[in-house]
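**Student:** Data file entry-v3.pdb (PDB, C-alpha atoms and all ligand atoms) is appended below.
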ATOM      1  CA  MET T  26      -0.362  14.207 -22.242  1.00  0.00           C
ATOM      2  CA  ASN T  27      -1.049  16.861 -19.570  1.00  0.00           C
ATOM      3  CA  ASP T  28      -0.536  16.352 -15.815  1.00  0.00           C
ATOM      4  CA  GLU T  29      -4.205  15.597 -15.228  1.00  0.00           C
ATOM      5  CA  THR T  30      -4.238  12.873 -17.890  1.00  0.00           C
ATOM      6  CA  ALA T  31      -0.998  11.382 -16.502  1.00  0.00           C
ATOM      7  CA  ALA T  32      -2.402  11.357 -12.943  1.00  0.00           C
ATOM      8  CA  ALA T  33      -5.575   9.649 -14.158  1.00  0.00           C
ATOM      9  CA  GLY T  34      -3.570   6.647 -15.362  1.00  0.00           C
ATOM     10  CA  ASN T  35      -1.250   6.362 -12.384  1.00  0.00           C
ATOM     11  CA  ILE T  36      -1.510   4.305  -9.167  1.00  0.00           C
ATOM     12  CA  LEU T  37       0.721   5.139  -6.202  1.00  0.00           C
ATOM     13  CA  VAL T  38       1.966   2.031  -4.351  1.00  0.00           C
ATOM     14  CA  LEU T  39       3.314   3.034  -0.936  1.00  0.00           C
ATOM     15  CA  ASN T  40       5.230   0.792   1.462  1.00  0.00           C
ATOM     16  CA  GLY T  41       6.152   1.650   5.017  1.00  0.00           C
ATOM     17  CA  PRO T  42       8.885   0.766   7.492  1.00  0.00           C
ATOM     18  CA  ASN T  43      10.970  -2.385   7.204  1.00  0.00           C
ATOM     19  CA  LEU T  44       9.287  -3.579   4.030  1.00  0.00           C
ATOM     20  CA  ASN T  45      12.629  -2.965   2.303  1.00  0.00           C
ATOM     21  CA  LEU T  46      13.740  -6.102   4.224  1.00  0.00           C
ATOM     22  CA  LEU T  47      11.176  -8.284   2.476  1.00  0.00           C
ATOM     23  CA  GLY T  48      12.679 -11.561   1.295  1.00  0.00           C
ATOM     24  CA  THR T  49      15.705 -11.297   3.575  1.00  0.00           C
ATOM     25  CA  ARG T  50      14.192 -12.491   6.910  1.00  0.00           C
ATOM     26  CA  GLU T  51      11.015 -14.021   8.367  1.00  0.00           C
ATOM     27  CA  PRO T  52      10.034 -15.999   5.224  1.00  0.00           C
ATOM     28  CA  ALA T  53       7.472 -17.966   7.261  1.00  0.00           C
ATOM     29  CA  VAL T  54       5.530 -14.730   7.857  1.00  0.00           C
ATOM     30  CA  TYR T  55       6.236 -12.630   4.762  1.00  0.00           C
ATOM     31  CA  GLY T  56       7.342 -15.156   2.121  1.00  0.00           C
ATOM     32  CA  SER T  57      10.576 -15.071   0.170  1.00  0.00           C
ATOM     33  CA  SER T  58       9.780 -12.444  -2.476  1.00  0.00           C
ATOM     34  CA  THR T  59      11.637  -9.144  -2.316  1.00  0.00           C
ATOM     35  CA  LEU T  60      10.216  -5.629  -2.516  1.00  0.00           C
ATOM     36  CA  GLU T  61      11.648  -5.481  -6.025  1.00  0.00           C
ATOM     37  CA  ASP T  62       9.482  -8.501  -6.887  1.00  0.00           C
ATOM     38  CA  VAL T  63       6.479  -6.628  -5.460  1.00  0.00           C
ATOM     39  CA  GLN T  64       7.311  -3.617  -7.616  1.00  0.00           C
ATOM     40  CA  GLU T  65       7.532  -5.779 -10.764  1.00  0.00           C
ATOM     41  CA  LEU T  66       4.278  -7.569  -9.913  1.00  0.00           C
ATOM     42  CA  ALA T  67       2.483  -4.264  -9.278  1.00  0.00           C
ATOM     43  CA  ALA T  68       3.822  -2.678 -12.465  1.00  0.00           C
ATOM     44  CA  ALA T  69       2.793  -5.716 -14.544  1.00  0.00           C
ATOM     45  CA  ALA T  70      -0.688  -5.811 -12.999  1.00  0.00           C
ATOM     46  CA  ALA T  71      -1.180  -2.081 -13.601  1.00  0.00           C
ATOM     47  CA  ARG T  72       0.122  -2.339 -17.177  1.00  0.00           C
ATOM     48  CA  SER T  73      -2.371  -5.097 -17.954  1.00  0.00           C
ATOM     49  CA  PHE T  74      -5.161  -2.616 -17.150  1.00  0.00           C
ATOM     50  CA  GLY T  75      -3.497   0.289 -18.990  1.00  0.00           C
ATOM     51  CA  PHE T  76      -2.278   1.966 -15.785  1.00  0.00           C
ATOM     52  CA  SER T  77       1.199   2.904 -14.616  1.00  0.00           C
ATOM     53  CA  VAL T  78       2.629   2.578 -11.104  1.00  0.00           C
ATOM     54  CA  GLU T  79       4.654   4.923  -8.953  1.00  0.00           C
ATOM     55  CA  PHE T  80       6.354   2.851  -6.259  1.00  0.00           C
ATOM     56  CA  LEU T  81       7.789   4.191  -3.003  1.00  0.00           C
ATOM     57  CA  GLN T  82       9.068   2.625   0.225  1.00  0.00           C
ATOM     58  CA  SER T  83      10.063   4.689   3.240  1.00  0.00           C
ATOM     59  CA  ASN T  84      10.928   4.015   6.856  1.00  0.00           C
ATOM     60  CA  HIS T  85       9.825   7.562   7.755  1.00  0.00           C
ATOM     61  CA  GLU T  86       6.258   8.525   8.606  1.00  0.00           C
ATOM     62  CA  GLY T  87       6.545  12.100   7.271  1.00  0.00           C
ATOM     63  CA  VAL T  88       7.863  10.899   3.909  1.00  0.00           C
ATOM     64  CA  LEU T  89       4.771   8.686   3.571  1.00  0.00           C
ATOM     65  CA  VAL T  90       2.502  11.615   4.515  1.00  0.00           C
ATOM     66  CA  ASP T  91       4.245  13.860   1.953  1.00  0.00           C
ATOM     67  CA  ALA T  92       3.884  11.184  -0.734  1.00  0.00           C
ATOM     68  CA  LEU T  93       0.140  10.963  -0.034  1.00  0.00           C
ATOM     69  CA  HIS T  94      -0.203  14.747  -0.328  1.00  0.00           C
ATOM     70  CA  ALA T  95       1.712  14.746  -3.615  1.00  0.00           C
ATOM     71  CA  ALA T  96      -0.591  12.012  -4.928  1.00  0.00           C
ATOM     72  CA  ARG T  97      -3.449  14.540  -5.079  1.00  0.00           C
ATOM     73  CA  THR T  98      -2.004  15.760  -8.377  1.00  0.00           C
ATOM     74  CA  THR T  99      -0.011  12.732  -9.559  1.00  0.00           C
ATOM     75  CA  ALA T 100      -2.198   9.667  -8.942  1.00  0.00           C
ATOM     76  CA  ALA T 101      -5.736   8.387  -9.372  1.00  0.00           C
ATOM     77  CA  GLY T 102      -5.585   5.770  -6.620  1.00  0.00           C
ATOM     78  CA  ILE T 103      -3.472   4.489  -3.737  1.00  0.00           C
ATOM     79  CA  VAL T 104      -2.256   1.074  -2.620  1.00  0.00           C
ATOM     80  CA  ILE T 105      -0.744   1.331   0.852  1.00  0.00           C
ATOM     81  CA  ASN T 106       1.023  -1.135   3.099  1.00  0.00           C
ATOM     82  CA  ALA T 107       2.010   1.203   5.915  1.00  0.00           C
ATOM     83  CA  GLY T 108       3.783  -1.591   7.807  1.00  0.00           C
ATOM     84  CA  ALA T 109       3.846  -0.978  11.555  1.00  0.00           C
ATOM     85  CA  TYR T 110       2.525   2.588  11.051  1.00  0.00           C
ATOM     86  CA  THR T 111      -0.800   0.908  10.263  1.00  0.00           C
ATOM     87  CA  HIS T 112      -1.207   0.326  13.980  1.00  0.00           C
ATOM     88  CA  THR T 113       0.123   3.671  15.232  1.00  0.00           C
ATOM     89  CA  SER T 114      -0.238   6.516  12.747  1.00  0.00           C
ATOM     90  CA  VAL T 115      -3.018   9.085  13.020  1.00  0.00           C
ATOM     91  CA  ALA T 116      -0.915  11.230  10.645  1.00  0.00           C
ATOM     92  CA  ILE T 117      -1.110   8.699   7.803  1.00  0.00           C
ATOM     93  CA  ARG T 118      -4.814   8.153   8.480  1.00  0.00           C
ATOM     94  CA  ASP T 119      -5.467  11.910   8.294  1.00  0.00           C
ATOM     95  CA  ALA T 120      -3.438  12.213   5.080  1.00  0.00           C
ATOM     96  CA  LEU T 121      -5.401   9.361   3.456  1.00  0.00           C
ATOM     97  CA  ALA T 122      -8.693  10.893   4.575  1.00  0.00           C
ATOM     98  CA  GLY T 123      -7.601  14.339   3.374  1.00  0.00           C
ATOM     99  CA  ILE T 124      -6.682  13.444  -0.199  1.00  0.00           C
ATOM    100  CA  SER T 125     -10.003  11.783  -1.117  1.00  0.00           C
ATOM    101  CA  LEU T 126      -8.526   9.268  -3.556  1.00  0.00           C
ATOM    102  CA  PRO T 127      -9.683   5.640  -3.771  1.00  0.00           C
ATOM    103  CA  ALA T 128      -7.332   3.620  -1.587  1.00  0.00           C
ATOM    104  CA  VAL T 129      -6.627  -0.011  -0.729  1.00  0.00           C
ATOM    105  CA  GLU T 130      -4.831  -1.096   2.462  1.00  0.00           C
ATOM    106  CA  VAL T 131      -2.685  -4.189   1.907  1.00  0.00           C
ATOM    107  CA  HIS T 132      -0.988  -6.496   4.399  1.00  0.00           C
ATOM    108  CA  ILE T 133       1.123  -9.385   3.225  1.00  0.00           C
ATOM    109  CA  SER T 134       0.412 -11.383   6.381  1.00  0.00           C
ATOM    110  CA  ASN T 135      -2.986 -12.029   7.930  1.00  0.00           C
ATOM    111  CA  VAL T 136      -2.631  -9.478  10.727  1.00  0.00           C
ATOM    112  CA  HIS T 137      -5.729 -10.939  12.452  1.00  0.00           C
ATOM    113  CA  LYS T 138      -3.977 -14.265  13.032  1.00  0.00           C
ATOM    114  CA  ARG T 139      -1.053 -12.489  14.682  1.00  0.00           C
ATOM    115  CA  GLU T 140      -0.428 -10.488  17.873  1.00  0.00           C
ATOM    116  CA  GLU T 141      -3.356  -8.488  19.261  1.00  0.00           C
ATOM    117  CA  PHE T 142      -1.622  -5.139  18.612  1.00  0.00           C
ATOM    118  CA  ARG T 143      -1.705  -5.886  14.864  1.00  0.00           C
ATOM    119  CA  HIS T 144      -5.494  -6.348  14.837  1.00  0.00           C
ATOM    120  CA  PHE T 145      -6.260  -2.638  14.955  1.00  0.00           C
ATOM    121  CA  SER T 146      -5.592  -0.410  11.958  1.00  0.00           C
ATOM    122  CA  TYR T 147      -5.879   3.382  12.025  1.00  0.00           C
ATOM    123  CA  LEU T 148      -6.203   3.243   8.225  1.00  0.00           C
ATOM    124  CA  SER T 149      -9.007   0.738   7.634  1.00  0.00           C
ATOM    125  CA  ALA T 150     -11.811   3.205   8.351  1.00  0.00           C
ATOM    126  CA  VAL T 151     -10.571   5.684   5.727  1.00  0.00           C
ATOM    127  CA  VAL T 152      -9.793   3.312   2.825  1.00  0.00           C
ATOM    128  CA  ASP T 153     -12.164   1.555   0.426  1.00  0.00           C
ATOM    129  CA  VAL T 154     -10.782  -1.968   0.676  1.00  0.00           C
ATOM    130  CA  VAL T 155      -8.580  -3.942   3.084  1.00  0.00           C
ATOM    131  CA  ILE T 156      -6.630  -7.009   1.918  1.00  0.00           C
ATOM    132  CA  ALA T 157      -4.661  -9.111   4.401  1.00  0.00           C
ATOM    133  CA  GLY T 158      -3.048 -12.518   4.245  1.00  0.00           C
ATOM    134  CA  ALA T 159      -2.829 -13.023   0.475  1.00  0.00           C
ATOM    135  CA  GLY T 160       0.957 -12.573   0.471  1.00  0.00           C
ATOM    136  CA  ILE T 161       2.345 -10.262  -2.193  1.00  0.00           C
ATOM    137  CA  HIS T 162      -0.594 -11.293  -4.404  1.00  0.00           C
ATOM    138  CA  GLY T 163      -2.533  -8.758  -2.273  1.00  0.00           C
ATOM    139  CA  TYR T 164      -0.875  -5.914  -4.207  1.00  0.00           C
ATOM    140  CA  GLU T 165      -2.139  -7.413  -7.469  1.00  0.00           C
ATOM    141  CA  LEU T 166      -5.653  -7.761  -6.048  1.00  0.00           C
ATOM    142  CA  ALA T 167      -5.517  -4.137  -4.886  1.00  0.00           C
ATOM    143  CA  ILE T 168      -4.527  -2.882  -8.339  1.00  0.00           C
ATOM    144  CA  ASN T 169      -7.197  -5.055  -9.916  1.00  0.00           C
ATOM    145  CA  TYR T 170      -9.812  -3.404  -7.653  1.00  0.00           C
ATOM    146  CA  LEU T 171      -8.557   0.139  -8.307  1.00  0.00           C
ATOM    147  CA  ALA T 172      -8.341  -0.354 -12.084  1.00  0.00           C
ATOM    148  CA  SER T 173     -11.927  -1.537 -12.132  1.00  0.00           C
ATOM    149  CA  ALA T 174     -13.175   1.185  -9.722  1.00  0.00           C
ATOM    150  CA  LEU T 175     -11.414   3.923 -11.695  1.00  0.00           C
ATOM    151  CA  ARG T 176     -12.926   2.795 -14.989  1.00  0.00           C
ATOM    152  CA  HIS T 177     -16.468   3.075 -13.668  1.00  0.00           C
TER     153      HIS T 177
HETATM  154  O1  LIG D 201       1.710  -8.026   6.880  1.00  0.00           O
HETATM  155  C1  LIG D 201       2.092  -6.904   6.536  1.00  0.00           C
HETATM  156  O2  LIG D 201       2.232  -6.563   5.365  1.00  0.00           O
HETATM  157  C2  LIG D 201       2.486  -5.888   7.615  1.00  0.00           C
HETATM  158  O3  LIG D 201       2.003  -4.606   7.191  1.00  0.00           O
HETATM  159  C3  LIG D 201       3.997  -5.901   7.680  1.00  0.00           C
HETATM  160  C4  LIG D 201       4.567  -5.020   8.799  1.00  0.00           C
HETATM  161  C5  LIG D 201       3.877  -5.311  10.127  1.00  0.00           C
HETATM  162  O4  LIG D 201       4.331  -4.406  11.120  1.00  0.00           O
HETATM  163  C6  LIG D 201       2.362  -5.236  10.017  1.00  0.00           C
HETATM  164  O5  LIG D 201       1.792  -5.565  11.280  1.00  0.00           O
HETATM  165  C7  LIG D 201       1.850  -6.190   8.966  1.00  0.00           C
HETATM  166  C8  LIG D 201       6.055  -5.276   9.016  1.00  0.00           C
HETATM  167  C9  LIG D 201       6.892  -5.251   7.780  1.00  0.00           C
HETATM  168  C10 LIG D 201       8.242  -5.790   8.132  1.00  0.00           C
HETATM  169  O6  LIG D 201       8.670  -6.564   7.056  1.00  0.00           O
HETATM  170  C11 LIG D 201       9.736  -7.376   7.234  1.00  0.00           C
HETATM  171  C12 LIG D 201      10.008  -8.229   6.199  1.00  0.00           C
HETATM  172  C13 LIG D 201      11.073  -9.104   6.305  1.00  0.00           C
HETATM  173  C14 LIG D 201      11.865  -9.092   7.427  1.00  0.00           C
HETATM  174  C15 LIG D 201      11.591  -8.230   8.454  1.00  0.00           C
HETATM  175  C16 LIG D 201      10.538  -7.355   8.349  1.00  0.00           C
END
So that I can check it, write out the structure of this file as structure tokens.
**Tutor:**
Amino acid sequence: MNDETAAAGNILVLNGPNLNLLGTREPAVYGSSTLEDVQELAAAAARSFGFSVEFLQSNHEGVLVDALHAARTTAAGIVINAGAYTHTSVAIRDALAGISLPAVEVHISNVHKREEFRHFSYLSAVVDVVIAGAGIHGYELAINYLASALRH
């Protein structure tokens, strides 16, 4: 399998700041599953469609930007929960816009039912789909969408 073929079957799942704490605090907002559970769920969902998953969490904006740039040659689609950077990062928005890969923005919580500052996303205008409030099931829905979009 060459690099192009490998990239075609791969979905990058990116998670931003503090999501490494999932399952340890705030269960009323984020549920009790851990990020490891999310990784397993995403890998299983991708596998069921014949895709693989590359999974990365970082608390650093530049690491997330670098991962998006790298995805140009290693992935066919992106699932991104940028955490709080959703509401602040022009850099992540520009990276997503610059790589021209199908992308889904996921939020575990329904950001629209929460504080006003969480209602605006810099990313929503440059992704294909936004999923919020479905808990960690949102990652599965995102992969489902990408698998179907990438087949057609
Ligand atoms: O609902 C989401 O998925 C968010 O992207 C999560 C971000 C938040 O800043 C966004 O507004 C919405 C925060 C992730 C922090 O996750 C924690 C999990 C457990 C304990 C503490 C933080």
**Student:** Please determine, counting all atoms listed in the file, which residue among T:Arg97, T:Pro42, T:Val154, T:Ala53 has the shortest atom-to-atom distance to Leu81 (chain T).
**Tutor:**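 Counting all atoms listed in the file, the residue closest to Leu81 (chain T) is T:Pro42.
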**Student:** Can you list, as an mmCIF file with C-alpha atoms, in the frame of the given file, the residues that the PyMOL selection byres (((not hetatm)) within 8 of (chain D and resi 201)) selects here?
**Tutor:**
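As a result, expr38.cif now contains:
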data_model
loop_
_atom_site.group_PDB
_atom_site.id
_atom_site.type_symbol
_atom_site.label_atom_id
_atom_site.label_comp_id
_atom_site.auth_asym_id
_atom_site.auth_seq_id
_atom_site.Cartn_x
_atom_site.Cartn_y
_atom_site.Cartn_z
ATOM 1 C CA GLY T 41 6.152 1.650 5.017
ATOM 2 C CA PRO T 42 8.885 0.766 7.492
ATOM 3 C CA ASN T 43 10.970 -2.385 7.204
ATOM 4 C CA LEU T 44 9.287 -3.579 4.030
ATOM 5 C CA ASN T 45 12.629 -2.965 2.303
ATOM 6 C CA LEU T 46 13.740 -6.102 4.224
ATOM 7 C CA LEU T 47 11.176 -8.284 2.476
ATOM 8 C CA GLY T 48 12.679 -11.561 1.295
ATOM 9 C CA THR T 49 15.705 -11.297 3.575
ATOM 10 C CA ARG T 50 14.192 -12.491 6.910
ATOM 11 C CA GLU T 51 11.015 -14.021 8.367
ATOM 12 C CA PRO T 52 10.034 -15.999 5.224
ATOM 13 C CA VAL T 54 5.530 -14.730 7.857
ATOM 14 C CA TYR T 55 6.236 -12.630 4.762
ATOM 15 C CA ASN T 106 1.023 -1.135 3.099
ATOM 16 C CA ALA T 107 2.010 1.203 5.915
ATOM 17 C CA GLY T 108 3.783 -1.591 7.807
ATOM 18 C CA ALA T 109 3.846 -0.978 11.555
ATOM 19 C CA TYR T 110 2.525 2.588 11.051
ATOM 20 C CA THR T 111 -0.800 0.908 10.263
ATOM 21 C CA HIS T 112 -1.207 0.326 13.980
ATOM 22 C CA VAL T 131 -2.685 -4.189 1.907
ATOM 23 C CA HIS T 132 -0.988 -6.496 4.399
ATOM 24 C CA ILE T 133 1.123 -9.385 3.225
ATOM 25 C CA SER T 134 0.412 -11.383 6.381
ATOM 26 C CA ASN T 135 -2.986 -12.029 7.930
ATOM 27 C CA VAL T 136 -2.631 -9.478 10.727
ATOM 28 C CA ARG T 143 -1.705 -5.886 14.864
ATOM 29 C CA ALA T 157 -4.661 -9.111 4.401
ATOM 30 C CA GLY T 158 -3.048 -12.518 4.245
ATOM 31 C CA GLY T 160 0.957 -12.573 0.471
#
**Student:** Residues near Val90 (chain T), anyone? I mean within 12 Å using all atoms listed in the file, not counting same-chain ones fewer than 2 positions away, as a tab-separated table (two decimals) with C-alpha atoms, in the frame of the given file.
**Tutor:**
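Result file out.tsv:
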chain	number	residue	atom	x	y	z
T	39	LEU	CA	3.31	3.03	-0.94
T	40	ASN	CA	5.23	0.79	1.46
T	41	GLY	CA	6.15	1.65	5.02
T	81	LEU	CA	7.79	4.19	-3.00
T	82	GLN	CA	9.07	2.62	0.22
T	83	SER	CA	10.06	4.69	3.24
T	84	ASN	CA	10.93	4.01	6.86
T	85	HIS	CA	9.82	7.56	7.76
T	86	GLU	CA	6.26	8.52	8.61
T	87	GLY	CA	6.54	12.10	7.27
T	88	VAL	CA	7.86	10.90	3.91
T	92	ALA	CA	3.88	11.18	-0.73
T	93	LEU	CA	0.14	10.96	-0.03
T	94	HIS	CA	-0.20	14.75	-0.33
T	95	ALA	CA	1.71	14.75	-3.62
T	96	ALA	CA	-0.59	12.01	-4.93
T	97	ARG	CA	-3.45	14.54	-5.08
T	105	ILE	CA	-0.74	1.33	0.85
T	107	ALA	CA	2.01	1.20	5.92
T	110	TYR	CA	2.52	2.59	11.05
T	114	SER	CA	-0.24	6.52	12.75
T	115	VAL	CA	-3.02	9.09	13.02
T	116	ALA	CA	-0.92	11.23	10.64
T	117	ILE	CA	-1.11	8.70	7.80
T	118	ARG	CA	-4.81	8.15	8.48
T	119	ASP	CA	-5.47	11.91	8.29
T	120	ALA	CA	-3.44	12.21	5.08
T	121	LEU	CA	-5.40	9.36	3.46
T	122	ALA	CA	-8.69	10.89	4.58
T	123	GLY	CA	-7.60	14.34	3.37
T	124	ILE	CA	-6.68	13.44	-0.20
**Student:** Do you know which residues the PyMOL selection byres (((chain T and resi 99) around 12) and not hetatm) returns on this file, as a list in words?
**Tutor:** Asn27, Asp28, Glu29, Thr30, Ala31, Ala32, Ala33, Gly34, Asn35, Ile36, Leu37, Ser77, Val78, Glu79, Ala92, Leu93, His94, Ala95, Ala96, Arg97, Thr98, Ala100, Ala101, Gly102, Ile103, Ile124 and Leu126 of chain T
**Student:** What would the list of residues within 7 Å of (-6.6, -3.0, 0.2) (file frame) look like as a PyMOL selection string, if all atoms listed in the file are what count?
**Tutor:** chain T and resi 104+128-131+154-156+167
**Student:** Please report the interatomic distance between CA of Glu165 (chain T) and CA of Leu66 (chain T) in Å with one decimal.
**Tutor:** 6.9 Å
**Student:** Taking all atoms listed in the file into account, name the residue in T:Tyr164, T:Val38, T:Glu140, T:Val151 that is nearest to Leu89 (chain T).
**Tutor:**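 Of all the options, T:Val38 lies closest to Leu89 (chain T).
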**Student:** Work out how far CA of Ala172 (chain T) is from CA of Phe74 (chain T), in Å to one decimal.
**Tutor:**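 Those two atoms sit 6.4 Å apart.
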**Student:** To one decimal place, how far is CA of Ser125 (chain T) from CA of Ala150 (chain T) in Å?
**Tutor:**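 Interatomic distance, CA of Ser125 (chain T) to CA of Ala150 (chain T): 12.9 Å.
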**Student:** The centre and edge lengths of an axis-aligned box containing all atoms of region 159-173 of chain T present in the file, extended by 3 Å on each side, are to be given in Å to one decimal, as lines of an AutoDock Vina configuration file.
**Tutor:**
center_x = -4.8
center_y = -6.4
center_z = -5.8
size_x = 20.3
size_y = 19.2
size_z = 18.6
